[in-house]
Each structure stands twice: as C-alpha cells, then as structure tokens.
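Comments concern the structure below.
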Amino acid sequence: MDQIKNRADVPTNRKWRLTDILLEDQIEKMIEDVRGATESIRSFSGKINESNVLEVLLTVSRTSFILEKLFVYANMKWDEDKSDSHYAELSSRIEMLATDFYSNTSFVAPSVSAFKKSDLERMKDNPEFNYFSMYLCEIIRKKKHLLSKKEEEILAKSGSFADGFRTAFSVFDNVNVPFGEIDVDGKKQKLTHGLYSVLMQNSDREVRRKAYEAMYEGYVSMINTVSEIYAGSVKADCFYANVRRYGSSLEQALYADNVPIKVYDNLIKSVRKNVKVMHKYVEYRKKALRVDKLKMYDMYVSLLDGYEKNIPYDEAYEIVCKALYPLGEEYISVLRQAKEGGWIDVEETPNKRSGAYSWGVYGTHPYVLLNHNGTIHDLFTIAHEMGHAMHSYYSNNAQCYEKAGYSIFVAEIASTVNEVLLIKYLLKTAKGNDRKYLLSYYLDMIRTTLFRQTMFSEFEKYTHETIEKGEPLSFRVMCEKYAELNKYYYGDAVETDKNISYEWARIPHFYNAFYVYKYATGITCAVNIANMLLSDPKKIDEYKKFLSAGGSAYPTEIIGYVGIDLTKMSPYEVVMKEFSETLDELIKTK
C-alpha cells in the first residue's frame with residue numbers, strides 16, 4: 001500500500017469537484033432563501049385549496065432542492081477532512097435549517113390528503129401537476145389508511161417518542177454493551193463492531209474464537225435490556241399497523257413501496273426450497289478450512305489464506321470499464337468521463353471519511369467517495385459505487401427533480417449488477433487461486449445477501465406475528481426461534497453454539513421493520529439482469545429504462561421493465577441455480 005498522501009498532493013483528476021454543486025459565496029444567500037421560503041409556506045397553514053396548492057407544492061419542492069444542495073455540499077466537504085470544524089459547523093447549521101423547514105411545512109401533506117379523492121384524481125391527471133403525479137398517487141393510495149383529523153394529530157405527536165426504540169438500541173449498542181478487551185497479536189485491544197468484523201476474517205482461528213465469544217458475552221450479559229427494547233419496537237410496529245387498519249405490520253411495511261406480500265412469501269419459500277445447497281456450501285467450507293468442527297466464527301474467514309492482489313487505481317478502473325462493456329458504449333463513455341470529470345474522490349488522505357459511498361444532488365453529476373488501496377475488494381468497490389452513480393445519472397437525466405429519487409427497494413440492484421458482471425468477466429480468464437477466490441467471493445455475496453437476509457426476514461416475520469397473536473415476546477422465545485432458524489439455514493456441517501441464538505440482539509436493521517428482505521430481492525434482481533444482459537445484448541435498452549425510471553413508478557413496475565416479476569418463483573430459482581453451479585465449479589477447481 002502506498003503511503004497516505006496529504007490532500008494537497010493528490011492530483012486534481014483524483015479528487016471530486018464539489019464546486020459543481022455550489023460556490024462557497026452562494027451559501028449564505030441560499031440559507032436566507034430557505035428561511036424566506038419557509039415563512040412563505042407557513043402562511044398557507046389552514047388555507048391550502050385547489051387554487052393555491054400547486055404554488056405551495058412547487059415552493060416546497062424548490063426549497064427542498066436548495067436544502068439538499070446545501071446539505072450534500074456541507075457533508076461531502078466535511079468528509080474530505082473530518083477534523084475540519086468549519087464544515088462540521090456548517091453541516092450542523094444546515095441540519096437545523098432543514099429541521100426547521102420540514103417541521104414548519106409538515107402541514108402540507110395532511111392538508112393535501114384532506115382533499116376529496118375525486119379532486120386528487122383530477123389534479124393527478126392535470127398536466128400542470130405532472131411533477132407531482134406520483135406524489136398525488138401516493139396520497140390517493142394511502143387515503144384509506146388515514147384517520148380523522150384529531151386522530152392524525154395524536155399519531156403525529158406520538159412520533160416524537162415512537163422512534164425511541166431505535167434510538168435506545170443505537171445508544172445501547174454503541175455505548176453500553178460491555179465488550180471488554182481481547183488479545184490480538186500480543187496486544188490488548190478494545191473490541192468494537194468495526195474491529196469484530198475485521199477479526200472474523202483473521203486467519204488465526206483462536207483470534208476469531210476470542211472475538212466471537214467476547215462479542216456475544218456483552219449481549220448475553222444485557223439480554224433482558226435489549227429484549228425489552230426490541231419487543232417494544234415490535235409492539236410499536238404492530239400498534240401503528242392496527243390503528244391504520246392494515247392487516248398486519250408486514251402489510252403496512254410493504255405497502256409503503258406498493259409491494260405485494262407474495263413477494264416476501266416467495267422469497268422465503270424459494271430459499272427454504274433450496275436450503276440444501278446452502279448446507280452443501282457449509283460442508284465445503286468445513287473441508288476447505290481443514291477443521292474437525294466448523295464453528296460459526298469460521299463463516300467469514302477467506303478460504304484462501306494469504307491471497308492478496310495489488311491493483312493500482314487506473315488499472316482497476318480500466319478493468320471495471322471492460323467488465324461492464326455489456327452495458328453498452330454510451331454507459332462506458334459516461335463511466336470514462338466520470339473518472340476524469342470530478343466525480344470521484346480516490347485517495348485515502350489524513351482524516352478523510354473511511355469506506356466508500358455514492359452521493360450527490362439533482363442537477364449535478366453524481367459523486368463517489370473511495371479510499372483506494374489497490375486490494376481486490378477495492379476493485380469491486382469501484383464497480384459497486386459506480387453502479388449507484390450511473391443509476392443516479394440516468395434517473396436524474398430522465399426525470400424531473402420530484403421523480404428522480406429511486407426507492408430503497410431498487411437502490412442496490414444497479415450496483416450489484418456491476419459486481420456480478422465484473423465477477424463473470426474476471427472468471428473468463430482466471431485460473432488457480434484467482435479463480436477460487438472469485439468463485440468463493442461470488443458464493444459469499446449470495447450467501448450473505450440472499451440466504452442470511454432471508455433468515456433475518458423470517459425472524460422478523462415471526463416476532464411480529466407473535467405480538468399480533470397476543471403472545472409474549474420474551475428473550476427466551478426469540479433466542480429459541482433464532483437458534484432454530486440458524487440451524488435450519490446452515491445445516492449440520494457447522495457446530496452451532498448457544499451464543500449464536502443471541503445474534504438477533506445485535507442486528508440494528510431489525511429496528512427498521514421488514515427492511516432486510518430488500519437486500520435479498522435486490523441481489524435476486526441483479527443476478528437475473530446480469531444474466532439477461534450477457535445472453536441478449538439487445539436487452540440494454542430495457543435495462544436503461546430501468547436505470548432511468550427513478551421514482552416515476554412503483555418498484556415492482558420498474559423491475560418489470562427488465563422482465564422481472566417477484567410475485568413468481570422463477571427469478572429466485574435463477575439465483576439458486578447460479579449459487580449451486582458456482583459451488584459445483586469451486587469444488588472441482590484445483
């Protein structure tokens with residue numbers, strides 16, 4: 001790894017160009033514009049009618065756009081150097097400005113929702129309201145779940161504490177869990193979530209065991225506390241679903257994206273039908289690691305001890321461009337422009353935010369933050385984050401601001417398509433350990449994103465149904481169910497222990513109910529799309545329609561543009577077949 005450079009020494013073409021968003025001397029005026037718009041919108045409180053509703057919606061939208069530019073700019077500048085107090089303060093200022101704006105304009109949506117359905121339908125079909133057609137569709141669709149004005153006011157006030165379970169868990173998980181210290185390479189280190197993830201991939205099995213036991217010791221010692229927090233969160237989900245007249249909390253969660261419950265059920269049904277191939281993988285992992293007894297702390301370590309690659313950034317980016325050629329010349333042309341056009345912040349520099357992400361704001365090209373050190377993981381990170389960036393690029397160029405943002409349900413598809421295409425490209429020529437690494441990488445991608453997230457989805461379904469049936473949700477009940485699911489999904493080749501029955505207690509996504517299934521459906525769609533593009537180059541236009549859709553339609557309709565129907569079993573079977581065939585190939589690779 002090269003020595004970390006000072007930011008001033010990084011070449012211009014390896015730094016993002018945030019002046020494309022705004023200039024520093026514009027900030028104060030933009031802030032004043034937001035404050036003025038907030039006051040203007042507030043004056044319509046209790047007075048919104050058909051003659052002024054379009055003016056109000058446009059003002060809210062335009063102001064949200066200004067706020068978004070300010071927020072993105074401030075936080076991305078801060079990410080360049082997290083020790084920079086100026087941008088830390090600016091970020092805080094913008095956050096408070098946004099809070100003030102949204103709290104003072106929160107009356108708009110309920111006011112529009114109060115319109116008669118016939119009036120909303122007429123507005124939706126009026127070309128003048130084209131920017132807001134999906135917004136109005138949503139209001140019409142959810143109207144049957146609205147309560148009386150007084151009831152809505154009560155529910156709105158409950159929002160100030162309803163999210164407290166998530167906050168409580170976050171504080172508990174990041175501050176109060178007593179993890180203690182463990183010995184790593186002769187040095188005592190305080191165990192953290194980040195360090196735990198690293199140690200689970202350590203080639204020293206004893207290090208993995210110590211980290212695993214120390215991690216779960218912390219949760220076991222606090223299990224009564226965390227079980228009450230999670231049970232309270234589940235009860236809140238069920239309460240709001242019941243009050244709003246949904247059939248279940250699952251129905252309410254999926255209703256937000258207009259996703260049929262059959263999608264959720266098909267996911268679980270398909271994974272259960274094919275769980276034996278997961279067991280076969282676990283058996284192979286046991287043999288590959290040459291252990292008498294495979295433990296749960298052996299599930300994340302690489303099967304190729306000491307395997308490393310050093311791929312400089314320019315070479316890595318070129319590999320990605322070649323791998324994504326099935327996406328067409330236009331896509332690759334934009335990808336190459338992005339490399340030199342101020343989209344990407346490449347180098348690791350002092351105090352720069354760690355990790356990687358894609359972000360940006362409408363009206364400007366997307367941005368990507370990297371910390372490229374030349375590993376093979378960094379190669380895949382380029383493909384992944386540029387998948388997000390290109391998705392935003394196509395959506396922003398095809399849609400108006402109000403319809404450009406895409407749902408979380410589809411957000412990970414384009415990035416994962418890129419990773420799958422990269423794997424398949426590299427496998428064309430890879431041999432020996434290179435081939436083994438890529439095959440195992442692909443298997444672990446599917447295992448952790450499809451099988452594991454579906455197991456989580458089953459657990460969530462169980463906990464919510466338990467409360468909905470009026471039964472208690474104690475930590476013993478949850479631990480027993482989780483242990484049962486873990487055994488079912490991983491099989492007999494891994495020796496489970498009591499600790500793993502507590503794993504549910506450390507999953508933060510459970511506090512955003514029925515969210516994790518989207519990871520599983522996302523990789524399902526991505527594998528189907530990648531195979532489609534490789535088998536029929538003419539399908540590029542269908543994929544670009546998907547990329548360009550933004551939020552102009554509901555998620556299941558958008559994935560329909562590429563011929564995927566998740567209410568049927570066939571898309572899931574494609575991924576299961578891919579997993580099985582990849583495993584067979586890995587087993588016979590020398």
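Lettering and numbering for the structure tokens are positional, with chains as A, B, ... in the shown order, residues counted from 1 in each chain, and ligands counted from 1 in the shown order.
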
Long-range neighbours of region 443-445 of chain A as a PyMOL selection string, 12 Å cut-off, only C-alpha atoms, 3 positions minimum in chain: chain A and resi 277-278+280-282+284-285+299-303+380+416+419-420+423+436-440+448-453+519-520+522-524+526-527+575-587

Residues from last step as file, C-alpha atoms, as a PDB file, in the first residue's frame:
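The resulting file, result-v7.pdb, is reproduced below:
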ATOM      1  CA  VAL A 277     -27.398 -26.169  -1.457  1.00  0.00           C
ATOM      2  CA  MET A 278     -26.515 -23.821   1.406  1.00  0.00           C
ATOM      3  CA  LYS A 280     -23.584 -28.204   0.769  1.00  0.00           C
ATOM      4  CA  TYR A 281     -21.656 -24.933   0.749  1.00  0.00           C
ATOM      5  CA  VAL A 282     -21.136 -25.108   4.522  1.00  0.00           C
ATOM      6  CA  TYR A 284     -17.408 -27.496   1.518  1.00  0.00           C
ATOM      7  CA  ARG A 285     -16.225 -24.632   3.749  1.00  0.00           C
ATOM      8  CA  MET A 299     -18.089 -18.500   8.370  1.00  0.00           C
ATOM      9  CA  TYR A 300     -16.376 -15.272   7.259  1.00  0.00           C
ATOM     10  CA  VAL A 301     -12.682 -16.094   7.018  1.00  0.00           C
ATOM     11  CA  SER A 302     -11.307 -16.377   3.473  1.00  0.00           C
ATOM     12  CA  LEU A 303     -10.948 -19.882   2.083  1.00  0.00           C
ATOM     13  CA  PHE A 380     -15.202  -4.463  -6.596  1.00  0.00           C
ATOM     14  CA  THR A 416     -24.860  -5.401  -7.651  1.00  0.00           C
ATOM     15  CA  GLU A 419     -20.357  -6.591  -9.319  1.00  0.00           C
ATOM     16  CA  VAL A 420     -21.862  -9.683 -10.949  1.00  0.00           C
ATOM     17  CA  ILE A 423     -17.029 -11.385 -11.464  1.00  0.00           C
ATOM     18  CA  LYS A 436     -11.019 -19.987  -6.484  1.00  0.00           C
ATOM     19  CA  TYR A 437     -11.100 -16.547  -4.901  1.00  0.00           C
ATOM     20  CA  LEU A 438     -13.633 -15.179  -7.399  1.00  0.00           C
ATOM     21  CA  LEU A 439     -15.909 -18.209  -7.102  1.00  0.00           C
ATOM     22  CA  SER A 440     -15.838 -18.076  -3.302  1.00  0.00           C
ATOM     23  CA  THR A 448     -24.738 -13.281   2.994  1.00  0.00           C
ATOM     24  CA  THR A 449     -27.134 -11.186   0.902  1.00  0.00           C
ATOM     25  CA  LEU A 450     -29.751 -13.767  -0.072  1.00  0.00           C
ATOM     26  CA  PHE A 451     -29.684 -16.640   2.418  1.00  0.00           C
ATOM     27  CA  ARG A 452     -28.694 -14.704   5.546  1.00  0.00           C
ATOM     28  CA  GLN A 453     -31.012 -11.724   4.928  1.00  0.00           C
ATOM     29  CA  TYR A 519     -31.218  -6.861   0.153  1.00  0.00           C
ATOM     30  CA  ALA A 520     -32.326 -10.365  -0.806  1.00  0.00           C
ATOM     31  CA  GLY A 522     -32.068  -6.779  -4.747  1.00  0.00           C
ATOM     32  CA  ILE A 523     -29.438  -9.443  -5.409  1.00  0.00           C
ATOM     33  CA  THR A 524     -32.128 -11.650  -6.936  1.00  0.00           C
ATOM     34  CA  ALA A 526     -29.259  -8.157 -10.085  1.00  0.00           C
ATOM     35  CA  VAL A 527     -28.275 -11.724 -10.958  1.00  0.00           C
ATOM     36  CA  VAL A 575     -30.192 -17.192  -8.348  1.00  0.00           C
ATOM     37  CA  MET A 576     -30.454 -20.573  -6.635  1.00  0.00           C
ATOM     38  CA  LYS A 577     -29.252 -22.270  -9.816  1.00  0.00           C
ATOM     39  CA  GLU A 578     -26.398 -19.765 -10.062  1.00  0.00           C
ATOM     40  CA  PHE A 579     -25.351 -20.473  -6.464  1.00  0.00           C
ATOM     41  CA  SER A 580     -25.457 -24.228  -6.988  1.00  0.00           C
ATOM     42  CA  GLU A 581     -23.490 -24.155 -10.248  1.00  0.00           C
ATOM     43  CA  THR A 582     -20.880 -21.771  -8.815  1.00  0.00           C
ATOM     44  CA  LEU A 583     -20.415 -24.065  -5.814  1.00  0.00           C
ATOM     45  CA  ASP A 584     -20.009 -27.107  -8.068  1.00  0.00           C
ATOM     46  CA  GLU A 585     -17.385 -25.258 -10.081  1.00  0.00           C
ATOM     47  CA  LEU A 586     -15.499 -24.201  -6.944  1.00  0.00           C
ATOM     48  CA  ILE A 587     -15.481 -27.767  -5.624  1.00  0.00           C
TER      49      ILE A 587
END

As a PyMOL selection string, please: the residues near region 186-192 of chain A (cut-off 9 Å, only C-alpha atoms, same-chain neighbours under 3 positions excluded). chain A and resi 174+179-183+195-197+211+214-215

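Using only C-alpha atoms for every distance, the candidate list A:Ile41, A:Val417, A:Leu379, A:Met222 yields A:Met222 as the residue closest to Arg506 (chain A).
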
Tell me which protein, DNA and RNA residues are within 9 Å of Ala98 (chain A), counting only C-alpha atoms, leaving out same-chain ones fewer than 3 positions away, and put them as a PyMOL selection string. chain A and resi 34+64+67-68+71+93-95+101-103

Selection export as an mmCIF file, in the first residue's frame, atoms kept: N, CA and C atoms:
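Output file selection28.cif is given in full below:
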data_model
loop_
_atom_site.group_PDB
_atom_site.id
_atom_site.type_symbol
_atom_site.label_atom_id
_atom_site.label_comp_id
_atom_site.auth_asym_id
_atom_site.auth_seq_id
_atom_site.Cartn_x
_atom_site.Cartn_y
_atom_site.Cartn_z
ATOM 1 N N VAL A 34 -33.941 29.815 1.906
ATOM 2 C CA VAL A 34 -34.688 28.743 2.563
ATOM 3 C C VAL A 34 -35.545 29.310 3.696
ATOM 4 N N SER A 64 -36.759 22.405 -1.021
ATOM 5 C CA SER A 64 -36.127 21.127 -0.687
ATOM 6 C C SER A 64 -34.882 20.914 -1.526
ATOM 7 N N LEU A 67 -32.100 23.066 -0.117
ATOM 8 C CA LEU A 67 -31.639 22.439 1.128
ATOM 9 C C LEU A 67 -30.763 21.225 0.845
ATOM 10 N N GLU A 68 -31.184 20.430 -0.122
ATOM 11 C CA GLU A 68 -30.427 19.230 -0.475
ATOM 12 C C GLU A 68 -29.032 19.597 -0.972
ATOM 13 N N PHE A 71 -27.001 20.658 2.067
ATOM 14 C CA PHE A 71 -26.710 19.528 2.956
ATOM 15 C C PHE A 71 -25.648 18.610 2.361
ATOM 16 N N ARG A 93 -25.438 23.476 10.984
ATOM 17 C CA ARG A 93 -26.328 24.598 10.658
ATOM 18 C C ARG A 93 -27.384 24.177 9.638
ATOM 19 N N ILE A 94 -26.935 23.479 8.612
ATOM 20 C CA ILE A 94 -27.858 23.070 7.551
ATOM 21 C C ILE A 94 -28.864 22.049 8.081
ATOM 22 N N GLU A 95 -28.395 21.171 8.953
ATOM 23 C CA GLU A 95 -29.298 20.176 9.533
ATOM 24 C C GLU A 95 -30.389 20.854 10.356
ATOM 25 N N PHE A 101 -37.316 23.778 8.536
ATOM 26 C CA PHE A 101 -38.125 23.827 7.320
ATOM 27 C C PHE A 101 -39.179 22.726 7.312
ATOM 28 N N TYR A 102 -38.760 21.488 7.570
ATOM 29 C CA TYR A 102 -39.692 20.368 7.465
ATOM 30 C C TYR A 102 -40.727 20.373 8.592
ATOM 31 N N SER A 103 -40.345 20.843 9.781
ATOM 32 C CA SER A 103 -41.324 20.906 10.871
ATOM 33 C C SER A 103 -42.356 21.998 10.612
#

From a DSSP calculation on the backbone, collect every residue of region 16-134 of chain A in alpha helix (DSSP H) and output the set as a PyMOL selection string. chain A and resi 27-42+53-80+85-104+108-113+117-125+133-134

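Comparing the minimum interatomic distances between Phe107 (chain A) and each of A:Ser43, A:Ser570, A:Thr375, A:Gln252, counting only C-alpha atoms, we find that A:Ser43 sits nearest.
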
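Shortest atom-to-atom contact with Phe459 (chain A) among A:Glu50, A:Glu503, A:Asp305, A:Glu542: A:Glu503, counting only C-alpha atoms.
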
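For the atom pair formed by CA of Pro127 (chain A) and CA of Phe546 (chain A), the distance is 23.7 Å, given to one decimal.
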
Neighbouring residues of region 562-569 of chain A were defined as those with any atom within 10 Å, considering only C-alpha atoms; residues of the same chain fewer than 2 positions away were excluded. Please report them as an MDAnalysis selection string. chainID A and resid 259:267 269:270 521 524:525 528:529 532:533 539:546 556:560 571:574

Would you save the residues of that selection, restricted to N, CA and C atoms, as a short mmCIF file (atom, residue, chain, number, x, y, z; two decimals), in the first residue's frame?
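This is the output file out-v7.cif:
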data_model
loop_
_atom_site.label_atom_id
_atom_site.label_comp_id
_atom_site.auth_asym_id
_atom_site.auth_seq_id
_atom_site.Cartn_x
_atom_site.Cartn_y
_atom_site.Cartn_z
N VAL A 259 -45.55 -3.04 -2.56
CA VAL A 259 -45.04 -4.39 -2.86
C VAL A 259 -46.01 -5.43 -2.30
N PRO A 260 -46.47 -6.37 -3.13
CA PRO A 260 -47.38 -7.42 -2.64
C PRO A 260 -46.69 -8.31 -1.61
N ILE A 261 -47.45 -8.77 -0.61
CA ILE A 261 -46.90 -9.67 0.41
C ILE A 261 -46.38 -10.95 -0.23
N LYS A 262 -46.92 -11.32 -1.38
CA LYS A 262 -46.48 -12.53 -2.06
C LYS A 262 -44.99 -12.48 -2.39
N VAL A 263 -44.45 -11.29 -2.62
CA VAL A 263 -43.01 -11.14 -2.89
C VAL A 263 -42.21 -11.62 -1.68
N TYR A 264 -42.62 -11.19 -0.51
CA TYR A 264 -41.95 -11.58 0.75
C TYR A 264 -42.07 -13.08 0.96
N ASP A 265 -43.28 -13.59 0.76
CA ASP A 265 -43.51 -15.02 0.97
C ASP A 265 -42.75 -15.88 -0.03
N ASN A 266 -42.70 -15.43 -1.29
CA ASN A 266 -41.97 -16.18 -2.32
C ASN A 266 -40.48 -16.25 -2.02
N LEU A 267 -39.93 -15.16 -1.49
CA LEU A 267 -38.52 -15.14 -1.13
C LEU A 267 -38.22 -16.24 -0.11
N LYS A 269 -40.09 -18.84 0.70
CA LYS A 269 -40.43 -20.16 0.16
C LYS A 269 -39.31 -20.68 -0.74
N SER A 270 -38.76 -19.82 -1.58
CA SER A 270 -37.71 -20.24 -2.51
C SER A 270 -36.43 -20.62 -1.78
N THR A 521 -34.07 -9.43 -2.24
CA THR A 521 -34.73 -9.24 -3.54
C THR A 521 -33.82 -8.45 -4.49
N THR A 524 -31.36 -10.79 -6.03
CA THR A 524 -32.13 -11.65 -6.94
C THR A 524 -32.32 -10.95 -8.28
N CYS A 525 -32.75 -9.70 -8.23
CA CYS A 525 -32.94 -8.93 -9.47
C CYS A 525 -31.62 -8.74 -10.20
N ASN A 528 -30.41 -11.84 -12.11
CA ASN A 528 -31.27 -12.03 -13.29
C ASN A 528 -30.92 -11.03 -14.39
N ILE A 529 -30.71 -9.77 -14.02
CA ILE A 529 -30.40 -8.73 -15.02
C ILE A 529 -29.04 -8.98 -15.66
N MET A 532 -29.30 -11.73 -18.08
CA MET A 532 -30.08 -11.27 -19.24
C MET A 532 -29.20 -10.46 -20.19
N LEU A 533 -28.41 -9.54 -19.66
CA LEU A 533 -27.56 -8.69 -20.48
C LEU A 533 -26.47 -9.50 -21.20
N LYS A 539 -31.00 -6.39 -24.85
CA LYS A 539 -31.75 -6.04 -23.65
C LYS A 539 -31.22 -4.77 -22.96
N ILE A 540 -30.17 -4.20 -23.52
CA ILE A 540 -29.59 -2.98 -22.93
C ILE A 540 -30.64 -1.88 -22.79
N ASP A 541 -31.47 -1.74 -23.80
CA ASP A 541 -32.49 -0.67 -23.77
C ASP A 541 -33.46 -0.87 -22.61
N GLU A 542 -33.81 -2.12 -22.33
CA GLU A 542 -34.71 -2.40 -21.22
C GLU A 542 -34.03 -2.03 -19.89
N TYR A 543 -32.75 -2.35 -19.79
CA TYR A 543 -32.03 -2.04 -18.56
C TYR A 543 -31.88 -0.53 -18.38
N LYS A 544 -31.64 0.19 -19.46
CA LYS A 544 -31.53 1.65 -19.36
C LYS A 544 -32.87 2.29 -18.99
N LYS A 545 -33.95 1.66 -19.40
CA LYS A 545 -35.27 2.15 -18.99
C LYS A 545 -35.42 1.99 -17.48
N PHE A 546 -34.92 0.87 -16.96
CA PHE A 546 -34.91 0.64 -15.51
C PHE A 546 -34.06 1.70 -14.82
N THR A 556 -42.10 -2.45 -8.09
CA THR A 556 -42.39 -3.70 -8.81
C THR A 556 -42.66 -3.43 -10.29
N GLU A 557 -43.21 -2.26 -10.60
CA GLU A 557 -43.42 -1.89 -12.00
C GLU A 557 -42.08 -1.60 -12.68
N ILE A 558 -41.17 -0.94 -11.96
CA ILE A 558 -39.87 -0.60 -12.52
C ILE A 558 -39.03 -1.84 -12.82
N ILE A 559 -39.02 -2.82 -11.91
CA ILE A 559 -38.25 -4.04 -12.21
C ILE A 559 -38.94 -4.85 -13.31
N GLY A 560 -40.22 -4.57 -13.52
CA GLY A 560 -40.92 -5.20 -14.64
C GLY A 560 -40.38 -4.75 -15.98
N PRO A 571 -37.66 -15.84 -10.78
CA PRO A 571 -36.44 -15.05 -10.55
C PRO A 571 -35.57 -15.60 -9.42
N TYR A 572 -36.21 -16.11 -8.38
CA TYR A 572 -35.44 -16.67 -7.26
C TYR A 572 -34.73 -17.96 -7.68
N GLU A 573 -35.40 -18.75 -8.52
CA GLU A 573 -34.81 -20.01 -8.97
C GLU A 573 -33.55 -19.76 -9.80
N VAL A 574 -33.51 -18.65 -10.53
CA VAL A 574 -32.32 -18.30 -11.31
C VAL A 574 -31.11 -18.12 -10.39
#
